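A.B. asks: Input: one structure, supplied below.
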Amino acid sequence: MRHGDKVNNLGRTASHRRALLSNLAAQLIQHKRIVTTLAKAKVLRTYIEPLITKAKENTTHQRRVVFSYLQDKEAITELFGTVAAKVAGRPGGYTRIIKLGARTGDAAETAMIELVDFNEIYGKGKGEAKEAGKRTRRAGGKKKADAAAPAVAEKVESKAEPKEEKAAE
């Protein structure tokens with residue numbers, strides 16, 4: 001029984017699984033999208049998203065930490081260069097998994113996993129740079145109240161002016 005075992009081992013030993021995920025992650029970073037099985041794509045998502053988050057902070061320490069996972073210099077350069085620049089304003093959710101159907105040879109469920117910011121078809125604002133917004137848990141009602149106050153004052157003034165004009169006549 002696998003009570004409480006949330007790790008999908010993919011039918012591999014720990015060293016084989018580590019090598020598999022390292023290679024898949026490096027290929028995803030270099031090509032921006034790859035086609036693999038659905039199970040591998042789901043495991044790869046949990047593997048690569050923390051690495052992309054680490055890449056946002058371009059320090060020697062973070063580069064060494066990510067290199068210990070990927071073991072690929074070209075992938076590290078690409079990740080800390082173009083990928084980190086594109087995902088700078090995104091607070092997470094860097095990958096998208098799209099199911100493709102069953103593979104003809106062994107009927108395995110296939111999926112395409114891609115980096116969200118590099119897809120021009122689904123992208124709302126192509127080419128616009130997103131900035132990291134201030135993260136807050138409050139509703140932000142003060143901005144709305146401040147913006148509404150001048151509008152209310154203008155309405156009051158405009159209503160008062162016609163009455164004064166009538167009195168002057």
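Residue numbering restarts at 1 for every chain of the structure tokens, chains are lettered A, B, ... in their displayed order, and ligands are numbered from 1 as they appear.
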For A:Glu109, list every protein, DNA or RNA residue within 9 Å, evaluated using only C-alpha atoms, and leave out those in the same chain fewer than 4 positions away; present the list as a list of chain:residue names.

C.D. replies: A:Thr36, A:Thr37, A:Leu38, A:Ala39, A:Lys99, A:Leu100, A:Gly101, A:Ala102, A:Arg103

A.B. asks: Based on the selection just made, write C-alpha atoms of those residues as a PDB file, in the first residue's frame.

C.D. replies:
```
ATOM      1  CA  THR A  36       6.199  13.585 -23.487  1.00  0.00           C
ATOM      2  CA  THR A  37       3.861  11.330 -21.543  1.00  0.00           C
ATOM      3  CA  LEU A  38       1.291  12.915 -19.269  1.00  0.00           C
ATOM      4  CA  ALA A  39       2.798  11.357 -16.135  1.00  0.00           C
ATOM      5  CA  LYS A  99      -3.123  16.764 -23.337  1.00  0.00           C
ATOM      6  CA  LEU A 100      -2.591  15.358 -26.827  1.00  0.00           C
ATOM      7  CA  GLY A 101      -4.219  11.935 -26.668  1.00  0.00           C
ATOM      8  CA  ALA A 102      -2.951   8.376 -26.781  1.00  0.00           C
ATOM      9  CA  ARG A 103       0.294   7.390 -28.480  1.00  0.00           C
TER      10      ARG A 103
END
```

A.B. asks: With distances taken over only C-alpha atoms, which of A:Ala107, A:Val87, A:Ala75, A:Ile48 is nearest to A:Gln30?

C.D. replies: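 When distances to A:Gln30 are compared using only C-alpha atoms, the smallest one comes from A:Ala75.
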
A.B. asks: For A:Pro91, which residue out of A:Thr104, A:Gln62, A:Asn8, A:Thr53 is the nearest one, using only C-alpha atoms?

C.D. replies: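 Closest residue, counting only C-alpha atoms: A:Thr53.
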
A.B. asks: Restricting the calculation to only C-alpha atoms: of A:Gly11, A:Gly4, A:Gly92, A:Gly105, which residue gets closest to A:Lys54?

C.D. replies: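 Smallest separation from A:Lys54 among the options: A:Gly92.
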
A.B. asks: Any chance you could list, as a list in words, the residues in stretch 7-99 of chain A that come up strand (DSSP E or B) when DSSP is run on the backbone?

C.D. replies: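 Written out, the strand (DSSP E or B) residues of stretch 7-99 of chain A are Arg33, Ile34, Val35, Thr36, Thr37, Thr95, Arg96, Ile97, Ile98 and Lys99 of chain A.
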
A.B. asks: Mind dumping the selected residues with all heavy atoms as a short mmCIF file (atom, residue, chain, number, x, y, z; two decimals), in the first residue's frame?

C.D. replies:
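Below is the file result-v1.cif, written as the result:
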```
data_model
loop_
_atom_site.label_atom_id
_atom_site.label_comp_id
_atom_site.auth_asym_id
_atom_site.auth_seq_id
_atom_site.Cartn_x
_atom_site.Cartn_y
_atom_site.Cartn_z
N ARG A 33 9.09 24.08 -25.40
CA ARG A 33 7.98 23.12 -25.30
C ARG A 33 8.47 21.76 -25.75
O ARG A 33 9.28 21.66 -26.67
CB ARG A 33 6.78 23.56 -26.12
CG ARG A 33 6.92 23.47 -27.61
CD ARG A 33 5.61 23.77 -28.32
NE ARG A 33 5.08 25.05 -27.93
CZ ARG A 33 4.96 26.10 -28.70
NH1 ARG A 33 5.32 26.03 -29.95
NH2 ARG A 33 4.49 27.23 -28.26
N ILE A 34 7.98 20.72 -25.06
CA ILE A 34 8.35 19.36 -25.42
C ILE A 34 7.11 18.49 -25.33
O ILE A 34 6.16 18.81 -24.62
CB ILE A 34 9.47 18.78 -24.52
CG1 ILE A 34 9.08 18.82 -23.06
CG2 ILE A 34 10.78 19.51 -24.75
CD1 ILE A 34 10.06 18.11 -22.14
N VAL A 35 7.12 17.38 -26.07
CA VAL A 35 6.04 16.41 -26.03
C VAL A 35 6.56 15.17 -25.31
O VAL A 35 7.60 14.63 -25.66
CB VAL A 35 5.56 16.04 -27.45
CG1 VAL A 35 4.50 14.96 -27.40
CG2 VAL A 35 5.02 17.27 -28.15
N THR A 36 5.82 14.74 -24.28
CA THR A 36 6.20 13.58 -23.49
C THR A 36 4.92 12.94 -22.96
O THR A 36 3.82 13.33 -23.35
CB THR A 36 7.14 14.01 -22.34
OG1 THR A 36 7.55 12.86 -21.63
CG2 THR A 36 6.49 14.99 -21.41
N THR A 37 5.06 11.95 -22.10
CA THR A 37 3.86 11.33 -21.54
C THR A 37 3.26 12.25 -20.50
O THR A 37 3.95 13.12 -19.93
CB THR A 37 4.18 9.96 -20.91
OG1 THR A 37 5.08 10.16 -19.82
CG2 THR A 37 4.77 9.01 -21.92
N THR A 95 4.49 26.99 -16.36
CA THR A 95 4.33 25.95 -17.38
C THR A 95 2.86 25.65 -17.61
O THR A 95 2.01 25.90 -16.75
CB THR A 95 5.05 24.65 -16.96
OG1 THR A 95 4.54 24.22 -15.70
CG2 THR A 95 6.54 24.85 -16.86
N ARG A 96 2.58 25.10 -18.78
CA ARG A 96 1.22 24.70 -19.16
C ARG A 96 1.30 23.30 -19.74
O ARG A 96 2.18 23.01 -20.55
CB ARG A 96 0.68 25.68 -20.20
CG ARG A 96 -0.66 25.30 -20.78
CD ARG A 96 -1.07 26.21 -21.92
NE ARG A 96 -1.26 27.59 -21.47
CZ ARG A 96 -0.65 28.63 -21.99
NH1 ARG A 96 0.21 28.47 -22.98
NH2 ARG A 96 -0.88 29.84 -21.55
N ILE A 97 0.38 22.42 -19.34
CA ILE A 97 0.33 21.06 -19.87
C ILE A 97 -0.92 20.94 -20.72
O ILE A 97 -2.03 21.23 -20.27
CB ILE A 97 0.32 20.02 -18.73
CG1 ILE A 97 1.62 20.08 -17.95
CG2 ILE A 97 0.10 18.62 -19.29
CD1 ILE A 97 1.67 19.17 -16.74
N ILE A 98 -0.74 20.51 -21.97
CA ILE A 98 -1.86 20.32 -22.89
C ILE A 98 -1.88 18.84 -23.28
O ILE A 98 -0.90 18.32 -23.81
CB ILE A 98 -1.70 21.20 -24.14
CG1 ILE A 98 -1.66 22.67 -23.73
CG2 ILE A 98 -2.83 20.94 -25.12
CD1 ILE A 98 -1.30 23.61 -24.84
N LYS A 99 -3.00 18.19 -23.02
CA LYS A 99 -3.12 16.76 -23.34
C LYS A 99 -3.27 16.59 -24.85
O LYS A 99 -4.01 17.33 -25.49
CB LYS A 99 -4.32 16.15 -22.62
CG LYS A 99 -4.18 16.13 -21.12
CD LYS A 99 -5.39 15.51 -20.47
CE LYS A 99 -5.26 15.54 -18.96
NZ LYS A 99 -6.44 14.95 -18.31
#
```

A.B. asks: Residues near A:Ser68, anyone? I mean within 12 Å using only C-alpha atoms, not counting same-chain ones fewer than 6 positions away, as a PDB file with C-alpha atoms, in the first residue's frame.

C.D. replies:
```pdb
ATOM      1  CA  ARG A  18      16.773  12.341 -11.259  1.00  0.00           C
ATOM      2  CA  ALA A  19      18.635  12.001 -14.565  1.00  0.00           C
ATOM      3  CA  SER A  22      17.199  16.800 -15.379  1.00  0.00           C
ATOM      4  CA  LEU A  51      14.045  26.170 -10.628  1.00  0.00           C
ATOM      5  CA  HIS A  61      24.481  30.967  -5.372  1.00  0.00           C
ATOM      6  CA  GLN A  62      21.206  30.524  -7.260  1.00  0.00           C
ATOM      7  CA  ILE A  76      21.503  27.485 -17.236  1.00  0.00           C
TER       8      ILE A  76
END
```

A.B. asks: So, counting only C-alpha atoms, which residue among A:Gln27, A:Asn9, A:Thr110, A:Ser15 is closest to A:Asp72?

C.D. replies: A:Gln27
